[in-house]
$ cat start.pdb   # PDB, C-alpha atoms
ATOM      1  CA  MET C   1       2.714 -16.262 -15.760
ATOM      2  CA  TYR C   2       5.105 -13.717 -14.300
ATOM      3  CA  LYS C   3       5.818 -10.069 -15.123
ATOM      4  CA  ALA C   4       8.594 -10.682 -17.702
ATOM      5  CA  GLU C   5       6.417 -13.017 -19.763
ATOM      6  CA  PHE C   6       3.453 -10.671 -19.484
ATOM      7  CA  ASP C   7       5.564  -7.751 -20.686
ATOM      8  CA  LYS C   8       6.406  -9.728 -23.824
ATOM      9  CA  LEU C   9       2.722 -10.474 -24.376
ATOM     10  CA  LEU C  10       1.857  -6.781 -24.096
ATOM     11  CA  GLN C  11       4.634  -5.820 -26.502
ATOM     12  CA  LYS C  12       3.208  -8.167 -29.133
ATOM     13  CA  GLY C  13      -0.219  -6.592 -28.772
ATOM     14  CA  CYS C  14      -2.513  -8.156 -26.214
ATOM     15  CA  SER C  15      -5.914  -9.127 -27.613
ATOM     16  CA  GLU C  16      -7.069 -11.297 -24.685
ATOM     17  CA  HIS C  17     -10.354 -10.487 -22.958
ATOM     18  CA  ASN C  18      -9.759 -11.661 -19.380
ATOM     19  CA  PHE C  19      -7.045 -10.965 -16.815
ATOM     20  CA  ILE C  20      -6.307 -11.741 -13.179
ATOM     21  CA  LEU C  21      -3.582  -9.567 -11.659
ATOM     22  CA  PHE C  22      -2.387 -10.686  -8.232
ATOM     23  CA  GLY C  23       0.676 -11.198  -6.061
ATOM     24  CA  GLU C  24       2.824  -9.445  -3.497
ATOM     25  CA  SER C  25       3.179  -6.057  -5.237
ATOM     26  CA  PRO C  26       0.200  -3.667  -5.120
ATOM     27  CA  PHE C  27       2.315  -1.219  -7.118
ATOM     28  CA  PHE C  28       2.648  -3.520 -10.126
ATOM     29  CA  ILE C  29      -0.976  -4.654  -9.861
ATOM     30  CA  ASP C  30      -2.104  -1.013 -10.018
ATOM     31  CA  ARG C  31       0.360  -0.177 -12.792
ATOM     32  CA  TYR C  32      -0.703  -2.988 -15.115
ATOM     33  CA  ALA C  33      -4.401  -2.582 -14.336
ATOM     34  CA  GLU C  34      -4.130   0.976 -15.642
ATOM     35  CA  ILE C  35      -2.240  -0.204 -18.740
ATOM     36  CA  LEU C  36      -4.956  -2.735 -19.536
ATOM     37  CA  THR C  37      -7.760  -0.200 -19.055
ATOM     38  CA  ASN C  38      -6.115   2.312 -21.388
ATOM     39  CA  LEU C  39      -8.375   1.622 -24.358
ATOM     40  CA  GLU C  40      -9.865   4.251 -26.650
ATOM     41  CA  ASP C  41     -13.658   4.633 -26.631
ATOM     42  CA  ALA C  42     -14.019   2.109 -23.821
ATOM     43  CA  ASN C  43     -17.161   1.990 -21.702
ATOM     44  CA  LEU C  44     -15.318   1.553 -18.402
ATOM     45  CA  LEU C  45     -16.816   0.498 -15.070
ATOM     46  CA  ARG C  46     -14.478   0.545 -12.067
ATOM     47  CA  LEU C  47     -15.513  -1.256  -8.892
ATOM     48  CA  TYR C  48     -13.143  -0.801  -5.963
ATOM     49  CA  HIS C  49     -13.087  -3.119  -2.945
ATOM     50  CA  ASP C  50     -16.478  -3.023  -1.175
ATOM     51  CA  GLU C  51     -18.139  -1.454  -4.233
ATOM     52  CA  TYR C  52     -18.218  -4.831  -5.999
ATOM     53  CA  ASP C  53     -21.720  -5.942  -6.894
ATOM     54  CA  PHE C  54     -22.143  -9.075  -9.015
ATOM     55  CA  THR C  55     -25.416  -7.948 -10.609
ATOM     56  CA  GLN C  56     -23.949  -4.599 -11.636
ATOM     57  CA  ALA C  57     -20.767  -6.206 -12.995
ATOM     58  CA  LYS C  58     -22.722  -8.800 -14.968
ATOM     59  CA  SER C  59     -25.055  -6.171 -16.363
ATOM     60  CA  HIS C  60     -22.121  -4.049 -17.547
ATOM     61  CA  LEU C  61     -20.568  -6.896 -19.549
ATOM     62  CA  SER C  62     -23.962  -7.997 -20.886
ATOM     63  CA  GLN C  63     -25.191  -4.655 -22.212
ATOM     64  CA  ALA C  64     -24.771  -3.373 -25.733
ATOM     65  CA  SER C  65     -21.506  -1.473 -26.055
ATOM     66  CA  LEU C  66     -21.922   2.302 -26.119
ATOM     67  CA  PHE C  67     -20.901   3.938 -29.400
ATOM     68  CA  GLY C  68     -19.485   0.628 -30.600
ATOM     69  CA  GLY C  69     -16.616   0.678 -28.085
ATOM     70  CA  THR C  70     -15.398  -1.932 -25.615
ATOM     71  CA  ASN C  71     -17.287  -2.786 -22.446
ATOM     72  CA  LEU C  72     -14.449  -2.699 -19.942
ATOM     73  CA  LEU C  73     -14.779  -3.919 -16.345
ATOM     74  CA  LEU C  74     -12.098  -3.365 -13.697
ATOM     75  CA  ILE C  75     -12.570  -4.844 -10.232
ATOM     76  CA  LYS C  76     -10.040  -4.109  -7.488
ATOM     77  CA  SER C  77     -10.501  -6.046  -4.274
ATOM     78  CA  GLU C  78      -8.703  -7.641  -1.339
ATOM     79  CA  LYS C  79     -11.651  -9.993  -0.931
ATOM     80  CA  LYS C  80     -11.925 -13.060  -3.136
ATOM     81  CA  ILE C  81     -14.830 -13.017  -5.557
ATOM     82  CA  PRO C  82     -16.726 -16.333  -5.548
ATOM     83  CA  LYS C  83     -15.474 -18.687  -8.245
ATOM     84  CA  LYS C  84     -18.883 -19.130  -9.929
ATOM     85  CA  GLU C  85     -19.312 -15.360 -10.190
ATOM     86  CA  LEU C  86     -15.868 -14.992 -11.752
ATOM     87  CA  GLU C  87     -16.634 -17.760 -14.244
ATOM     88  CA  THR C  88     -19.825 -15.966 -15.252
ATOM     89  CA  LEU C  89     -18.034 -12.640 -15.698
ATOM     90  CA  PHE C  90     -15.194 -14.220 -17.694
ATOM     91  CA  THR C  91     -17.696 -15.995 -19.927
ATOM     92  CA  LEU C  92     -19.585 -12.755 -20.595
ATOM     93  CA  SER C  93     -16.315 -10.958 -21.278
ATOM     94  CA  ASN C  94     -15.436 -13.514 -23.958
ATOM     95  CA  LYS C  95     -18.628 -12.613 -25.824
ATOM     96  CA  GLY C  96     -18.318  -9.610 -28.064
ATOM     97  CA  ASP C  97     -15.800  -6.823 -27.654
ATOM     98  CA  ASN C  98     -15.371  -6.954 -23.874
ATOM     99  CA  ARG C  99     -12.494  -6.923 -21.409
ATOM    100  CA  PHE C 100     -12.545  -7.881 -17.715
ATOM    101  CA  ILE C 101      -9.632  -7.189 -15.358
ATOM    102  CA  TYR C 102      -9.734  -8.626 -11.852
ATOM    103  CA  ALA C 103      -7.051  -7.016  -9.670
ATOM    104  CA  TYR C 104      -6.796  -9.109  -6.521
ATOM    105  CA  TYR C 105      -4.844  -7.629  -3.587
ATOM    106  CA  GLY C 106      -5.414 -10.467  -1.125
ATOM    107  CA  SER C 107      -2.871 -13.036   0.049
ATOM    108  CA  ASP C 108      -4.416 -16.259  -1.325
ATOM    109  CA  HIS C 109      -2.162 -16.439  -4.352
ATOM    110  CA  LYS C 110      -2.526 -20.182  -4.924
ATOM    111  CA  SER C 111      -6.126 -19.773  -6.033
ATOM    112  CA  TYR C 112      -5.141 -17.753  -9.080
ATOM    113  CA  ASN C 113      -1.987 -19.450 -10.336
ATOM    114  CA  ASN C 114      -2.974 -20.650 -13.829
ATOM    115  CA  ALA C 115      -6.625 -20.212 -12.903
ATOM    116  CA  PHE C 116      -9.572 -20.345 -15.349
ATOM    117  CA  LYS C 117      -7.468 -21.512 -18.299
ATOM    118  CA  LYS C 118     -10.512 -22.982 -20.012
ATOM    119  CA  LEU C 119     -11.953 -19.466 -20.173
ATOM    120  CA  GLU C 120      -8.730 -18.088 -21.684
ATOM    121  CA  VAL C 121      -7.875 -15.998 -18.632
ATOM    122  CA  VAL C 122      -4.383 -14.500 -18.409
ATOM    123  CA  SER C 123      -3.238 -14.859 -14.785
ATOM    124  CA  VAL C 124      -0.213 -12.768 -13.803
ATOM    125  CA  ARG C 125       1.561 -12.861 -10.460
ATOM    126  CA  PHE C 126       3.618  -9.824  -9.472
ATOM    127  CA  PHE C 127       6.386  -9.856  -6.871
ATOM    128  CA  HIS C 128       7.850  -6.819  -5.121
ATOM    129  CA  PRO C 129      10.107  -4.929  -7.551
ATOM    130  CA  LYS C 130      13.801  -5.736  -7.318
ATOM    131  CA  PRO C 131      16.166  -2.816  -6.617
ATOM    132  CA  ASN C 132      17.206  -2.591 -10.267
ATOM    133  CA  GLU C 133      13.538  -2.585 -11.355
ATOM    134  CA  SER C 134      12.741   0.172  -8.876
ATOM    135  CA  MET C 135      15.672   2.252 -10.094
ATOM    136  CA  ALA C 136      14.642   1.793 -13.736
ATOM    137  CA  ILE C 137      11.084   2.910 -12.960
ATOM    138  CA  LEU C 138      12.290   5.904 -10.938
ATOM    139  CA  THR C 139      14.667   6.917 -13.733
ATOM    140  CA  GLN C 140      11.899   6.670 -16.321
ATOM    141  CA  GLU C 141       9.521   8.705 -14.167
ATOM    142  CA  ALA C 142      12.161  11.363 -13.460
ATOM    143  CA  LYS C 143      12.706  11.806 -17.209
ATOM    144  CA  ARG C 144       8.961  12.018 -17.786
ATOM    145  CA  GLN C 145       8.725  14.735 -15.131
ATOM    146  CA  GLY C 146      11.669  16.585 -16.676
ATOM    147  CA  LEU C 147      13.748  16.326 -13.493
ATOM    148  CA  GLN C 148      17.522  16.764 -13.528
ATOM    149  CA  ILE C 149      18.489  14.036 -11.068
ATOM    150  CA  ASP C 150      21.188  11.377 -11.336
ATOM    151  CA  SER C 151      20.978   7.704 -10.414
ATOM    152  CA  TYR C 152      22.988   8.206  -7.213
ATOM    153  CA  THR C 153      20.447  10.719  -5.918
ATOM    154  CA  LEU C 154      17.537   8.521  -6.997
ATOM    155  CA  ASN C 155      19.047   5.629  -5.067
ATOM    156  CA  HIS C 156      19.387   7.899  -2.029
ATOM    157  CA  LEU C 157      15.711   8.818  -2.328
ATOM    158  CA  LEU C 158      14.728   5.152  -2.556
ATOM    159  CA  SER C 159      16.881   4.291   0.476
ATOM    160  CA  LEU C 160      15.198   6.986   2.553
ATOM    161  CA  HIS C 161      11.923   5.157   1.990
ATOM    162  CA  ASN C 162      13.356   1.724   2.769
ATOM    163  CA  GLY C 163      12.981   0.624  -0.852
ATOM    164  CA  HIS C 164       9.255   1.456  -1.068
ATOM    165  CA  LEU C 165       8.893   2.417  -4.711
ATOM    166  CA  GLU C 166       5.430   3.954  -4.331
ATOM    167  CA  LEU C 167       6.660   6.445  -1.726
ATOM    168  CA  ALA C 168       9.703   7.394  -3.804
ATOM    169  CA  LEU C 169       7.507   8.021  -6.864
ATOM    170  CA  ASN C 170       5.238  10.249  -4.800
ATOM    171  CA  GLU C 171       8.255  12.311  -3.784
ATOM    172  CA  LEU C 172       9.281  12.776  -7.429
ATOM    173  CA  GLU C 173       5.875  14.310  -8.137
ATOM    174  CA  LYS C 174       6.389  16.772  -5.270
ATOM    175  CA  LEU C 175       9.910  17.626  -6.414
ATOM    176  CA  ALA C 176       8.667  18.328  -9.938
ATOM    177  CA  ILE C 177       6.467  21.134  -8.601
ATOM    178  CA  LEU C 178       9.524  22.960  -7.211
ATOM    179  CA  SER C 179      11.126  23.355 -10.662
ATOM    180  CA  LEU C 180      14.667  22.905  -9.348
ATOM    181  CA  LYS C 181      17.422  23.136 -11.958
ATOM    182  CA  ARG C 182      19.191  20.086 -10.584
ATOM    183  CA  ILE C 183      18.254  17.859  -7.640
ATOM    184  CA  THR C 184      21.051  16.714  -5.342
ATOM    185  CA  ASN C 185      21.324  14.592  -2.218
ATOM    186  CA  LYS C 186      21.219  17.773  -0.142
ATOM    187  CA  ASP C 187      17.896  18.702  -1.742
ATOM    188  CA  ILE C 188      16.533  15.254  -0.955
ATOM    189  CA  ASP C 189      17.648  15.503   2.678
ATOM    190  CA  ALA C 190      16.132  18.973   3.013
ATOM    191  CA  LEU C 191      12.855  18.431   1.167
ATOM    192  CA  VAL C 192      12.020  14.756   1.666
ATOM    193  CA  TYR C 193      11.287  12.882   4.864
ATOM    194  CA  GLY C 194      14.743  12.263   6.290
ATOM    195  CA  MET C 195      16.159   9.371   8.232
ATOM    196  CA  GLY C 196      14.828  10.870  11.464
ATOM    197  CA  GLU C 197      11.307  10.184  10.217
ATOM    198  CA  VAL C 198      12.244   6.648   9.179
ATOM    199  CA  ASP C 199      13.973   6.056  12.521
ATOM    200  CA  LEU C 200      10.898   7.265  14.423
ATOM    201  CA  GLN C 201       8.634   4.879  12.556
ATOM    202  CA  THR C 202      11.124   2.057  13.100
ATOM    203  CA  PHE C 203      11.161   2.760  16.840
ATOM    204  CA  VAL C 204       7.356   2.880  17.030
ATOM    205  CA  LYS C 205       7.048  -0.478  15.284
ATOM    206  CA  GLN C 206       9.771  -2.026  17.439
ATOM    207  CA  PHE C 207       8.074  -0.846  20.611
ATOM    208  CA  TRP C 208       4.624  -2.235  19.830
ATOM    209  CA  GLN C 209       6.175  -5.495  18.629
ATOM    210  CA  LYS C 210       7.934  -5.697  22.010
ATOM    211  CA  ASP C 211      11.343  -5.739  20.347
ATOM    212  CA  ASP C 212      14.393  -4.169  21.973
ATOM    213  CA  TYR C 213      13.752  -0.486  21.316
ATOM    214  CA  LYS C 214      16.196   1.180  23.732
ATOM    215  CA  GLU C 215      19.045   1.810  21.277
ATOM    216  CA  GLN C 216      16.645   3.234  18.683
ATOM    217  CA  LEU C 217      15.062   5.491  21.308
ATOM    218  CA  GLU C 218      18.428   6.797  22.472
ATOM    219  CA  THR C 219      19.388   7.591  18.876
ATOM    220  CA  LEU C 220      16.153   9.534  18.394
ATOM    221  CA  LEU C 221      16.578  11.550  21.573
ATOM    222  CA  GLU C 222      20.248  12.291  20.890
ATOM    223  CA  SER C 223      19.338  13.556  17.423
ATOM    224  CA  GLY C 224      16.948  16.056  19.021
ATOM    225  CA  GLU C 225      13.622  14.289  18.509
ATOM    226  CA  ASP C 226      10.872  15.791  20.657
ATOM    227  CA  GLU C 227       9.444  13.611  23.460
ATOM    228  CA  ILE C 228       5.879  14.715  22.738
ATOM    229  CA  ARG C 229       6.233  13.792  19.061
ATOM    230  CA  ILE C 230       7.459  10.344  20.074
ATOM    231  CA  LEU C 231       4.371   9.904  22.265
ATOM    232  CA  THR C 232       1.951  11.096  19.575
ATOM    233  CA  SER C 233       3.572   8.767  17.031
ATOM    234  CA  LEU C 234       3.052   5.842  19.404
ATOM    235  CA  THR C 235      -0.582   6.895  19.885
ATOM    236  CA  ALA C 236      -1.205   7.242  16.133
ATOM    237  CA  PHE C 237       0.217   3.783  15.418
ATOM    238  CA  LEU C 238      -1.820   2.288  18.272
ATOM    239  CA  HIS C 239      -4.952   3.890  16.814
ATOM    240  CA  GLU C 240      -4.248   2.243  13.438
ATOM    241  CA  LEU C 241      -3.829  -1.118  15.161
ATOM    242  CA  TYR C 242      -7.145  -0.601  16.940
ATOM    243  CA  LEU C 243      -8.871   0.084  13.609
ATOM    244  CA  PHE C 244      -7.376  -3.094  12.155
ATOM    245  CA  ASN C 245      -8.385  -5.094  15.233
ATOM    246  CA  SER C 246     -11.978  -3.833  15.185
ATOM    247  CA  TYR C 247     -12.433  -4.310  11.430
ATOM    248  CA  ILE C 248     -11.019  -7.842  11.480
ATOM    249  CA  ARG C 249     -13.252  -8.829  14.417
ATOM    250  CA  ILE C 250     -16.335  -7.576  12.543
ATOM    251  CA  HIS C 251     -15.535  -8.626   8.961
ATOM    252  CA  GLY C 252     -12.980 -11.398   9.366
ATOM    253  CA  ILE C 253     -10.431  -9.780   7.012
ATOM    254  CA  ALA C 254      -8.056  -6.821   6.940
ATOM    255  CA  ASP C 255      -9.394  -4.521   4.200
ATOM    256  CA  ALA C 256      -6.734  -1.791   4.143
ATOM    257  CA  LYS C 257      -8.781   0.401   1.787
ATOM    258  CA  ALA C 258     -11.704   0.439   4.213
ATOM    259  CA  ILE C 259      -9.500   0.849   7.292
ATOM    260  CA  LEU C 260      -6.915   3.379   6.124
ATOM    261  CA  GLY C 261      -8.476   4.836   2.985
ATOM    262  CA  TYR C 262      -5.612   3.606   0.804
ATOM    263  CA  VAL C 263      -3.831   0.342   0.005
ATOM    264  CA  PRO C 264      -0.284   0.093   1.381
ATOM    265  CA  PRO C 265       2.115  -2.686   0.346
ATOM    266  CA  ARG C 266       0.672  -6.079   1.207
ATOM    267  CA  PHE C 267       3.426  -6.953   3.683
ATOM    268  CA  VAL C 268       2.621  -3.771   5.653
ATOM    269  CA  VAL C 269      -1.062  -4.725   5.878
ATOM    270  CA  GLU C 270      -0.269  -8.281   6.985
ATOM    271  CA  GLU C 271       2.229  -7.050   9.559
ATOM    272  CA  LYS C 272      -0.242  -4.604  11.110
ATOM    273  CA  ALA C 273      -3.072  -7.130  11.048
ATOM    274  CA  ARG C 274      -0.988  -9.742  12.885
ATOM    275  CA  LEU C 275       0.158  -7.237  15.485
ATOM    276  CA  ALA C 276      -3.312  -5.762  15.965
ATOM    277  CA  MET C 277      -4.835  -9.132  16.840
ATOM    278  CA  LYS C 278      -2.325  -9.658  19.662
ATOM    279  CA  PHE C 279      -4.014  -6.924  21.713
ATOM    280  CA  SER C 280      -7.328  -7.149  23.541
ATOM    281  CA  GLN C 281      -9.864  -4.332  23.579
ATOM    282  CA  GLU C 282      -8.945  -3.762  27.233
ATOM    283  CA  ASN C 283      -5.285  -3.334  26.244
ATOM    284  CA  PHE C 284      -6.133  -0.724  23.626
ATOM    285  CA  TYR C 285      -8.171   1.230  26.168
ATOM    286  CA  LYS C 286      -5.458   0.990  28.833
ATOM    287  CA  PHE C 287      -2.576   1.943  26.525
ATOM    288  CA  THR C 288      -4.475   4.876  24.999
ATOM    289  CA  ASN C 289      -5.266   6.289  28.448
ATOM    290  CA  ILE C 290      -1.644   5.980  29.544
ATOM    291  CA  LEU C 291      -0.353   7.736  26.431
ATOM    292  CA  LEU C 292      -2.919  10.543  26.485
ATOM    293  CA  HIS C 293      -2.363  11.169  30.188
ATOM    294  CA  ALA C 294       1.413  11.391  29.630
ATOM    295  CA  GLU C 295       0.952  13.768  26.682
ATOM    296  CA  LEU C 296      -1.352  16.004  28.728
ATOM    297  CA  THR C 297       1.150  16.093  31.601
ATOM    298  CA  MET C 298       3.986  17.047  29.253
ATOM    299  CA  LYS C 299       1.968  19.834  27.651
ATOM    300  CA  SER C 300       0.395  21.317  30.769
ATOM    301  CA  SER C 301       3.304  21.644  33.219
ATOM    302  CA  HIS C 302       6.990  22.349  33.506
ATOM    303  CA  CYS C 303       8.350  18.864  33.921
ATOM    304  CA  ASP C 304      11.084  16.462  32.925
ATOM    305  CA  LYS C 305       9.616  15.264  29.607
ATOM    306  CA  ARG C 306      12.256  12.633  29.141
ATOM    307  CA  ALA C 307      11.571  11.115  32.556
ATOM    308  CA  ILE C 308       7.831  11.012  31.808
ATOM    309  CA  LEU C 309       8.528   9.410  28.432
ATOM    310  CA  TYR C 310      10.657   6.636  29.950
ATOM    311  CA  ALA C 311       8.126   6.015  32.729
ATOM    312  CA  THR C 312       5.283   5.833  30.209
ATOM    313  CA  LEU C 313       7.109   3.374  27.970
ATOM    314  CA  LEU C 314       7.956   1.126  30.928
ATOM    315  CA  ASP C 315       4.356   1.288  32.169
ATOM    316  CA  ILE C 316       3.028   0.082  28.799
ATOM    317  CA  TYR C 317       5.845  -2.367  28.024
ATOM    318  CA  LYS C 318       5.155  -4.529  31.071
ATOM    319  CA  PHE C 319       1.668  -5.256  29.690
ATOM    320  CA  LEU C 320       2.729  -6.066  26.131
TER     321      LEU C 320
END

$ encode --input "start.pdb" --output "structure tokens"
Amino acid sequence: MYKAEFDKLLQKGCSEHNFILFGESPFFIDRYAEILTNLEDANLLRLYHDEYDFTQAKSHLSQASLFGGTNLLLIKSEKKIPKKELETLFTLSNKGDNRFIYAYYGSDHKSYNNAFKKLEVVSVRFFHPKPNESMAILTQEAKRQGLQIDSYTLNHLLSLHNGHLELALNELEKLAILSLKRITNKDIDALVYGMGEVDLQTFVKQFWQKDDYKEQLETLLESGEDEIRILTSLTAFLHELYLFNSYIRIHGIADAKAILGYVPPRFVVEEKARLAMKFSQENFYKFTNILLHAELTMKSSHCDKRAILYATLLDIYKFL
């Protein structure tokens, strides 16, 4: 089923024992996983990503419930759990007062469409929130935080983050700390990452994808962006790609939690994984040396930073 149908099920009072949450939106997967684990007196075991252990999960659902509450198991993972292990866990969950939530962040969505029906599993696929959904969630969160901010300003905040709801919500939490009487567009521009930050990240991505980056670079430089900061941003992004490349070569998958320490939107992970695998280990070594040498030159002598920046970009670009 999809989000709208699942919302109706939750409104009626959801008594089901087993759930698979999957799809394109990590935000909604996280949000509904937390809703489903919000049970009083629950004996909750959370297993995140590489923490999953079948024996431990099975033991948790098999044991006598503490204090008469619910044995609740939440597994979050980008890796697929073997089908037989899932069947065992769903079967155990159906016995007694148990609940098992499998939050799958991987890209193999076909495997879980209407999966495990015979075991009464509720499978829900979540897509990226539509603009109106994002605005509704932001508005609700702003009210909860007690923020005086209108829909126009919320939309401006969302636009600054290219529609990424998670990032906009994080900014609301920061704004709440400031205790401003009323938040305006000027406050957002002054206190939140502005378009310069977005433009820099856009340029960095364009460059490593070997897209036409010249216009974006000129805009950055004309707006006063520092040449050294542009170089360090390129180096930081290259380092992330190297981590993705190395992890995928060793493990065969892109586990964002293990690589970055957090789970970005799925499309971001897939984009970085694809780009990372286009480079050889020799390329990573060569590009890193070029960038670090250019940064050292800029910082250690009186020189034409812009000329060094252009020369560095051309030197790398011919090998991409």

$ atom_distance --input "start.pdb" --atom1 "atom CA of C:Thr235" --atom2 "atom CA of C:Ala258"
20.3 Å

$ atom_distance --input "start.pdb" --atom1 "atom CA of C:Leu191" --atom2 "atom CA of C:Thr232"
22.6 Å

$ residues_around --input "start.pdb" --residues "C:Ala42" --least-positions-apart "4" --cutoff "12 Å" --atoms "all atoms listed in the file" --output "list in words"
Leu36, Thr37, Asn38, Arg46, His60, Leu61, Ser65, Leu66, Phe67, Gly68, Gly69, Thr70, Asn71, Leu72, Leu73, Leu74, Asp97, Asn98, Arg99 and Phe100 of chain C

$ residues_around --input "start.pdb" --residues "stretch 137-143 of chain C" --least-positions-apart "6" --cutoff "10 Å" --atoms "all atoms listed in the file" --output "ChimeraX atom specification"
/C:129,131,149-151,154-155,157-158,165-166,168-169,172-173,175-176

$ atom_distance --input "start.pdb" --atom1 "atom CA of C:His251" --atom2 "atom CA of C:Asp50"
11.6 Å

$ resolve_selection --input "start.pdb" --expression "the PyMOL selection byres ((chain C and resi 185) around 9)" --output "PyMOL selection string"
chain C and resi 152-154+156-157+183-184+186-190

$ resolve_selection --input "start.pdb" --expression "the PyMOL selection byres ((chain C and resi 230) around 12)" --output "number ranges by chain"
C: 196-197, 199-205, 207, 216-218, 220-221, 224-229, 231-237, 291, 294-295, 298, 305-306, 308-310, 312-313

$ resolve_selection --input "start.pdb" --expression "the PyMOL selection byres ((chain C and resi 102-117) around 7)" --output "PyMOL selection string"
chain C and resi 19-23+26+29+33+74-79+100-101+118-121+123

$ closest_residue --input "start.pdb" --among "C:Ile290, C:Asn18, C:Lys80, C:His128" --to "C:Asn94" --atoms "all atoms listed in the file"
C:Asn18

$ closest_residue --input "start.pdb" --among "C:Phe319, C:Phe27, C:Phe126, C:Phe287" --to "C:Phe6" --atoms "all atoms listed in the file"
C:Phe126
